[in-house]
$ cat start-v5.csv   # CSV, C-alpha atoms
chain,number,residue,atom,x,y,z
L,1,MET,CA,52.7,-38.1,-5.9
L,2,LYS,CA,52.0,-41.9,-5.9
L,3,LYS,CA,48.9,-41.2,-7.9
L,4,ILE,CA,51.0,-39.5,-10.5
L,5,LEU,CA,54.0,-41.9,-10.7
L,6,VAL,CA,52.0,-45.2,-10.9
L,7,PRO,CA,50.4,-44.2,-14.2
L,8,VAL,CA,53.8,-42.8,-15.3
L,9,LEU,CA,55.3,-46.2,-14.8
L,10,ALA,CA,52.6,-47.8,-17.0
L,11,LEU,CA,53.0,-45.1,-19.6
L,12,PHE,CA,56.8,-45.6,-19.7
L,13,LEU,CA,56.5,-49.3,-20.2
L,14,LEU,CA,54.4,-48.5,-23.3
L,15,LEU,CA,56.8,-45.8,-24.5
L,16,VAL,CA,60.1,-47.7,-24.0
L,17,PRO,CA,60.8,-49.8,-27.2
L,18,ILE,CA,60.2,-53.5,-26.7
L,19,HIS,CA,63.7,-54.5,-27.9
L,20,ASN,CA,65.4,-52.6,-25.0
L,21,LEU,CA,63.6,-54.7,-22.4
L,22,SER,CA,64.1,-57.8,-24.5
L,23,ALA,CA,67.9,-57.2,-24.7
L,24,GLY,CA,68.1,-57.2,-21.0
L,25,THR,CA,66.1,-60.4,-20.5
L,26,ASN,CA,67.2,-62.7,-23.3
L,27,GLN,CA,70.3,-63.9,-21.6
L,28,ALA,CA,68.8,-65.0,-18.3
L,29,CYS,CA,65.2,-64.1,-18.0
L,30,HIS,CA,64.5,-66.2,-14.9
L,31,SER,CA,67.2,-64.5,-12.8
L,32,GLN,CA,67.0,-60.9,-14.0
L,33,VAL,CA,65.2,-58.2,-12.1
L,34,THR,CA,64.6,-54.8,-13.6
L,35,ARG,CA,63.8,-51.6,-11.7
L,36,LEU,CA,62.5,-48.4,-13.2
L,37,VAL,CA,63.6,-45.3,-11.4
L,38,PHE,CA,61.5,-42.1,-12.0
L,39,LYS,CA,63.0,-38.8,-11.2
L,40,SER,CA,61.4,-35.4,-11.3
L,41,ASP,CA,62.2,-32.0,-10.0
L,42,ARG,CA,60.4,-32.8,-6.7
L,43,CYS,CA,60.9,-36.5,-5.9
L,44,ARG,CA,62.4,-39.9,-6.8
L,45,PHE,CA,60.4,-43.1,-6.9
L,46,ILE,CA,61.6,-46.7,-7.5
L,47,SER,CA,59.1,-49.0,-9.0
L,48,THR,CA,58.1,-52.5,-7.9
L,49,SER,CA,60.5,-55.1,-9.2
L,50,ILE,CA,59.6,-56.9,-12.4
L,51,LYS,CA,60.3,-60.6,-12.2
L,52,ASN,CA,60.0,-63.5,-14.5
L,53,CYS,CA,59.8,-61.2,-17.5
L,54,SER,CA,56.0,-61.1,-17.4
L,55,PRO,CA,54.9,-57.8,-15.8
L,56,ILE,CA,51.3,-56.9,-15.5
L,57,ILE,CA,50.8,-53.3,-16.5
L,58,GLY,CA,47.5,-51.3,-16.0
L,59,ILE,CA,46.9,-48.0,-17.8
L,60,GLN,CA,44.8,-45.3,-16.3
L,61,ARG,CA,42.7,-42.9,-18.4
L,62,TRP,CA,43.8,-39.3,-17.9
L,63,THR,CA,41.2,-36.6,-17.7
L,64,THR,CA,43.5,-33.6,-17.9
L,65,THR,CA,45.7,-32.1,-20.6
L,66,GLN,CA,48.4,-30.7,-18.3
L,67,LEU,CA,51.9,-32.3,-18.9
L,68,LYS,CA,55.0,-32.9,-16.7
L,69,THR,CA,58.5,-33.8,-17.9
L,70,VAL,CA,60.0,-36.8,-16.0
L,71,LYS,CA,63.5,-38.3,-16.1
L,72,VAL,CA,63.5,-42.1,-16.1
L,73,HIS,CA,66.5,-44.5,-15.4
L,74,ILE,CA,66.5,-48.2,-16.0
L,75,TYR,CA,68.5,-50.4,-13.5
L,76,ASN,CA,69.2,-54.0,-14.3
L,77,ASN,CA,70.1,-56.6,-11.7
L,78,ARG,CA,72.2,-59.4,-13.0
L,79,GLU,CA,73.3,-62.0,-10.4
L,80,GLY,CA,73.0,-59.5,-7.5
L,81,THR,CA,74.6,-56.6,-9.2
L,82,TRP,CA,72.6,-53.5,-10.2
L,83,THR,CA,73.7,-51.8,-13.4
L,84,GLN,CA,72.3,-48.4,-14.3
L,85,GLY,CA,71.1,-48.1,-17.9
L,86,PRO,CA,70.6,-45.0,-20.0
L,87,ALA,CA,68.3,-42.3,-18.8
L,88,LYS,CA,65.3,-41.1,-20.8
L,89,THR,CA,63.2,-38.1,-20.4
L,90,ILE,CA,59.4,-38.5,-21.1
L,91,THR,CA,56.4,-36.2,-20.8
L,92,VAL,CA,53.4,-37.5,-18.9
L,93,PRO,CA,50.1,-35.9,-18.0
L,94,ILE,CA,49.5,-34.7,-14.4
L,95,GLN,CA,46.3,-35.6,-12.7
L,96,LYS,CA,44.7,-32.8,-10.7
L,97,THR,CA,41.8,-32.9,-8.4
L,98,PRO,CA,39.1,-30.9,-10.1
L,99,GLN,CA,38.1,-27.8,-8.1
L,100,LEU,CA,34.5,-27.3,-7.5
L,101,ILE,CA,33.4,-23.9,-8.7
L,102,PRO,CA,30.4,-22.7,-6.6
L,103,ALA,CA,27.4,-21.8,-8.6
L,104,PRO,CA,26.8,-18.1,-8.5
L,105,THR,CA,24.2,-17.0,-6.1
L,106,PRO,CA,21.2,-15.8,-8.1
L,107,LYS,CA,20.4,-12.2,-7.5
L,108,PRO,CA,17.0,-11.5,-6.1
L,109,VAL,CA,14.7,-10.2,-8.7
L,110,PRO,CA,13.0,-7.0,-7.3
L,111,VAL,CA,9.3,-7.2,-7.3
L,112,PRO,CA,7.7,-3.9,-8.2
L,113,ALA,CA,5.4,-2.5,-5.6
L,114,PRO,CA,1.8,-2.5,-6.8
L,115,THR,CA,0.6,0.9,-7.8
L,116,PRO,CA,-2.2,1.9,-5.5
L,117,VAL,CA,-5.5,2.3,-7.3
L,118,PRO,CA,-6.9,5.8,-6.6
L,119,VAL,CA,-10.3,5.8,-5.0
L,120,PRO,CA,-12.4,8.6,-6.5
L,121,LYS,CA,-13.6,11.1,-4.0
L,122,PRO,CA,-17.4,11.3,-3.8
L,123,GLU,CA,-18.7,14.5,-5.2
L,124,PRO,CA,-20.1,16.7,-2.5
L,125,LYS,CA,-23.9,16.7,-2.6
L,126,PRO,CA,-25.6,20.0,-2.1
L,127,ALA,CA,-27.1,20.4,1.3
L,128,PRO,CA,-30.8,19.7,1.2
L,129,ALA,CA,-33.2,22.5,2.1
L,130,PRO,CA,-34.4,22.0,5.7
L,131,SER,CA,-37.7,20.3,5.9
L,132,GLN,CA,-40.5,20.7,8.3
L,133,GLU,CA,-39.1,17.9,10.4
L,134,THR,CA,-35.4,19.1,10.5
L,135,ALA,CA,-36.0,22.8,10.9
L,136,ASP,CA,-35.2,24.2,14.4
L,137,PHE,CA,-38.2,26.6,14.9
L,138,SER,CA,-37.2,27.4,18.5
L,139,ALA,CA,-33.9,28.8,17.2
L,140,MET,CA,-35.8,30.7,14.5
L,141,GLN,CA,-38.1,32.2,17.2
L,142,LYS,CA,-35.2,33.3,19.3
L,143,GLU,CA,-33.4,34.8,16.3
L,144,MET,CA,-36.5,36.7,15.1
L,145,LEU,CA,-37.3,38.0,18.6
L,146,GLY,CA,-33.8,39.4,18.9
L,147,TYR,CA,-34.3,41.3,15.6
L,148,ILE,CA,-37.6,42.7,16.8
L,149,ASN,CA,-36.5,43.9,20.2
L,150,ALA,CA,-33.4,45.4,18.8
L,151,GLU,CA,-35.5,47.5,16.5
L,152,ARG,CA,-37.8,48.5,19.4
L,153,ALA,CA,-34.8,49.4,21.5
L,154,SER,CA,-33.5,51.7,18.8
L,155,ALA,CA,-37.0,53.4,18.8
L,156,ASN,CA,-37.0,53.6,22.6
L,157,VAL,CA,-40.0,51.2,22.8
L,158,THR,CA,-40.3,48.4,25.5
L,159,PRO,CA,-39.4,44.9,24.3
L,160,LEU,CA,-42.0,42.3,23.4
L,161,THR,CA,-42.5,39.0,25.3
L,162,LEU,CA,-42.8,35.7,23.4
L,163,ASP,CA,-46.2,34.2,24.1
L,164,GLN,CA,-46.5,30.4,23.5
L,165,LYS,CA,-50.3,30.5,22.8
L,166,LEU,CA,-49.7,33.2,20.2
L,167,CYS,CA,-46.8,31.2,18.8
L,168,GLN,CA,-49.1,28.1,18.3
L,169,GLY,CA,-51.7,30.2,16.4
L,170,ALA,CA,-49.0,31.8,14.3
L,171,TYR,CA,-47.6,28.4,13.4
L,172,LEU,CA,-51.1,27.1,12.3
L,173,LYS,CA,-51.4,30.2,10.0
L,174,SER,CA,-48.0,29.6,8.4
L,175,ARG,CA,-48.7,25.9,7.9
L,176,ASP,CA,-52.1,26.7,6.4
L,177,MET,CA,-50.5,29.0,3.8
L,178,ALA,CA,-47.9,26.4,2.8
L,179,VAL,CA,-50.3,23.5,2.7
L,180,ASN,CA,-53.1,25.2,0.8
L,181,GLY,CA,-50.8,27.2,-1.5
L,182,TYR,CA,-51.9,30.8,-0.8
L,183,PHE,CA,-50.3,33.9,0.7
L,184,SER,CA,-52.8,36.2,2.3
L,185,HIS,CA,-54.0,37.6,5.6
L,186,THR,CA,-57.4,35.9,5.0
L,187,SER,CA,-57.3,32.1,5.3
L,188,PRO,CA,-59.7,29.9,3.4
L,189,THR,CA,-59.7,27.7,6.5
L,190,TYR,CA,-59.7,30.1,9.4
L,191,GLY,CA,-61.0,33.4,7.9
L,192,SER,CA,-59.4,36.7,9.1
L,193,PRO,CA,-56.5,36.7,11.6
L,194,PHE,CA,-58.8,38.2,14.3
L,195,ASP,CA,-61.4,35.4,13.7
L,196,MET,CA,-58.6,32.8,13.9
L,197,MET,CA,-57.3,34.3,17.2
L,198,THR,CA,-60.8,34.2,18.7
L,199,SER,CA,-61.2,30.6,17.5
L,200,GLN,CA,-57.9,29.7,19.3
L,201,GLY,CA,-59.2,31.2,22.6
L,202,ILE,CA,-56.9,34.3,22.4
L,203,THR,CA,-58.4,37.5,23.9
L,204,TYR,CA,-57.1,41.0,23.1
L,205,ARG,CA,-57.9,44.7,23.0
L,206,MET,CA,-55.4,45.3,20.2
L,207,ALA,CA,-54.1,42.8,17.6
L,208,GLY,CA,-52.0,42.7,14.5
L,209,GLU,CA,-50.5,40.2,12.0
L,210,ASN,CA,-47.4,40.3,9.8
L,211,ILE,CA,-46.8,37.4,7.2
L,212,ALA,CA,-43.8,36.7,4.9
L,213,LYS,CA,-42.5,34.1,2.5
L,214,ASN,CA,-38.7,34.2,2.3
L,215,ILE,CA,-35.6,31.9,2.4
L,216,SER,CA,-34.3,32.9,5.8
L,217,VAL,CA,-35.3,34.5,9.1
L,218,LYS,CA,-33.1,37.5,8.5
L,219,GLY,CA,-34.5,38.0,5.0
L,220,ALA,CA,-38.0,38.0,6.3
L,221,HIS,CA,-37.2,40.5,9.0
L,222,THR,CA,-35.5,42.8,6.5
L,223,ALA,CA,-38.6,42.6,4.3
L,224,PHE,CA,-40.8,43.5,7.2
L,225,MET,CA,-38.7,46.6,8.1
L,226,ASN,CA,-38.7,47.8,4.5
L,227,SER,CA,-42.6,47.8,4.5
L,228,PRO,CA,-44.2,50.7,6.5
L,229,GLY,CA,-47.2,48.7,7.6
L,230,HIS,CA,-45.2,45.7,8.9
L,231,LYS,CA,-42.7,48.0,10.5
L,232,ALA,CA,-45.5,49.9,12.3
L,233,ASN,CA,-46.7,46.6,13.9
L,234,ILE,CA,-43.1,45.8,15.0
L,235,LEU,CA,-42.6,49.2,16.7
L,236,ASN,CA,-46.2,49.7,18.0
L,237,GLN,CA,-46.0,50.8,21.6
L,238,GLY,CA,-49.5,49.3,22.4
L,239,PHE,CA,-48.3,45.7,21.8
L,240,GLY,CA,-46.6,43.8,24.7
L,241,LYS,CA,-46.7,40.2,23.5
L,242,VAL,CA,-45.8,38.5,20.2
L,243,GLY,CA,-46.2,35.0,18.7
L,244,LEU,CA,-43.8,33.8,16.0
L,245,GLY,CA,-44.8,30.8,13.7
L,246,PHE,CA,-42.6,29.2,11.0
L,247,TYR,CA,-43.3,26.5,8.5
L,248,GLN,CA,-40.6,25.1,6.0
L,249,GLU,CA,-41.8,24.1,2.5
L,250,GLY,CA,-38.8,23.3,0.3
L,251,GLN,CA,-36.5,26.2,0.2
L,252,TYR,CA,-39.1,28.7,1.3
L,253,LEU,CA,-39.9,29.6,4.9
L,254,TYR,CA,-43.4,30.8,5.8
L,255,VAL,CA,-43.4,33.3,8.6
L,256,THR,CA,-46.3,34.6,10.7
L,257,GLN,CA,-46.1,37.3,13.4
L,258,TRP,CA,-49.1,37.8,15.8
L,259,PHE,CA,-49.1,40.9,18.1
L,260,THR,CA,-51.4,41.6,21.0
L,261,ASN,CA,-51.5,43.9,24.0
$ encode --input "start-v5.csv" --output "structure tokens"
Amino acid sequence: MKKILVPVLALFLLLVPIHNLSAGTNQACHSQVTRLVFKSDRCRFISTSIKNCSPIIGIQRWTTTQLKTVKVHIYNNREGTWTQGPAKTITVPIQKTPQLIPAPTPKPVPVPAPTPVPVPKPEPKPAPAPSQETADFSAMQKEMLGYINAERASANVTPLTLDQKLCQGAYLKSRDMAVNGYFSHTSPTYGSPFDMMTSQGITYRMAGENIAKNISVKGAHTAFMNSPGHKANILNQGFGKVGLGFYQEGQYLYVTQWFTN
């Protein structure tokens, strides 16, 4: 309240006509004391006494435009007696402590998630044809022997036994056909199959040969059984041993069957 009333005092001294103050001080300026009494709806305040008719008044700059109505009474003291003068109502500005308005909290800016870059799937490569190095010839021998003995069992003929020496000779015959590019019972390298058996140290009383060029073991067996001469060798009761030789060249499988007693 003091912060408000002190400036009000200064403002009042500016607003009150000079002749009013002069009228009270012309008679005995050295002995007159004047008080200003400010009244509002909340408080009453008596100003500091003004002596010797030479008050020092400071005016404060107001930074607000809000106004307040104040009632002012002038009291004169002449020779120890206070006399109330006329009351005046003035409007003065009210100083308020500025309220700090907090700055709004910035909203977080959503960061879009990066779109994943699709990784193209590699195109499946066609499976390469088995080569001579990757082909499992032992599995092929087992498969082919199963087909042969199943046919012999159906014809009530004793099964054949796989002979490793015959298998080695049959492999050389299949390889010779693939490498030298021919398909015949007579080899440009070894001659007839019987000459080749003899050169390999194979003895026999009966012998026979089946050859095929196919894409699978099953396909070769089917082709044999569809040929009367090849089928006769497979079901011949006089044979007791068989040699099976395979050689892979690209997609083709060279097959040789050697039969002996």
$ residues_around --input "start-v5.csv" --residues "Met140 (chain L)" --least-positions-apart "5" --cutoff "10 Å" --atoms "all atoms listed in the file" --output "number ranges by chain"
L: 135, 145-146, 216-218, 244-246, 255
$ residues_around --input "start-v5.csv" --residues "Asp163 (chain L)" --least-positions-apart "5" --cutoff "9 Å" --atoms "only C-alpha atoms" --output "ChimeraX atom specification"
/L:168,241-244
$ residues_around --input "start-v5.csv" --residues "Ala220 (chain L)" --least-positions-apart "3" --cutoff "12 Å" --atoms "all atoms listed in the file" --output "ChimeraX atom specification"
/L:140,143-144,147-148,210-217,223-227,230-231,246,252-257
$ atom_distance --input "start-v5.csv" --atom1 "CA of Gly208 (chain L)" --atom2 "CA of Leu160 (chain L)"
13.4 Å
$ residues_near_point --input "start-v5.csv" --point "(-50.8, 42.8, 26.6)" --cutoff "9 Å" --atoms "all atoms listed in the file" --output "list in words"
Tyr204, Arg205, Met206, Gly238, Phe239, Gly240, Lys241, Phe259, Thr260 and Asn261 of chain L
$ residues_around --input "start-v5.csv" --residues "Asp176 (chain L)" --least-positions-apart "4" --cutoff "8 Å" --atoms "only C-alpha atoms" --output "PyMOL selection string"
chain L and resi 172+180+187+189
$ write_last_selection --input "start-v5.csv" --atoms "C-alpha atoms" --output "compact mmCIF listing (two decimals), keeping the file's coordinate frame"
# COMPACT_ATOMS: atom_id res chain seq x y z
CA LEU L 172 -51.10 27.10 12.30
CA ASN L 180 -53.10 25.20 0.80
CA SER L 187 -57.30 32.10 5.30
CA THR L 189 -59.70 27.70 6.50
$ atom_distance --input "start-v5.csv" --atom1 "CA of Ser154 (chain L)" --atom2 "CA of Tyr247 (chain L)"
28.9 Å
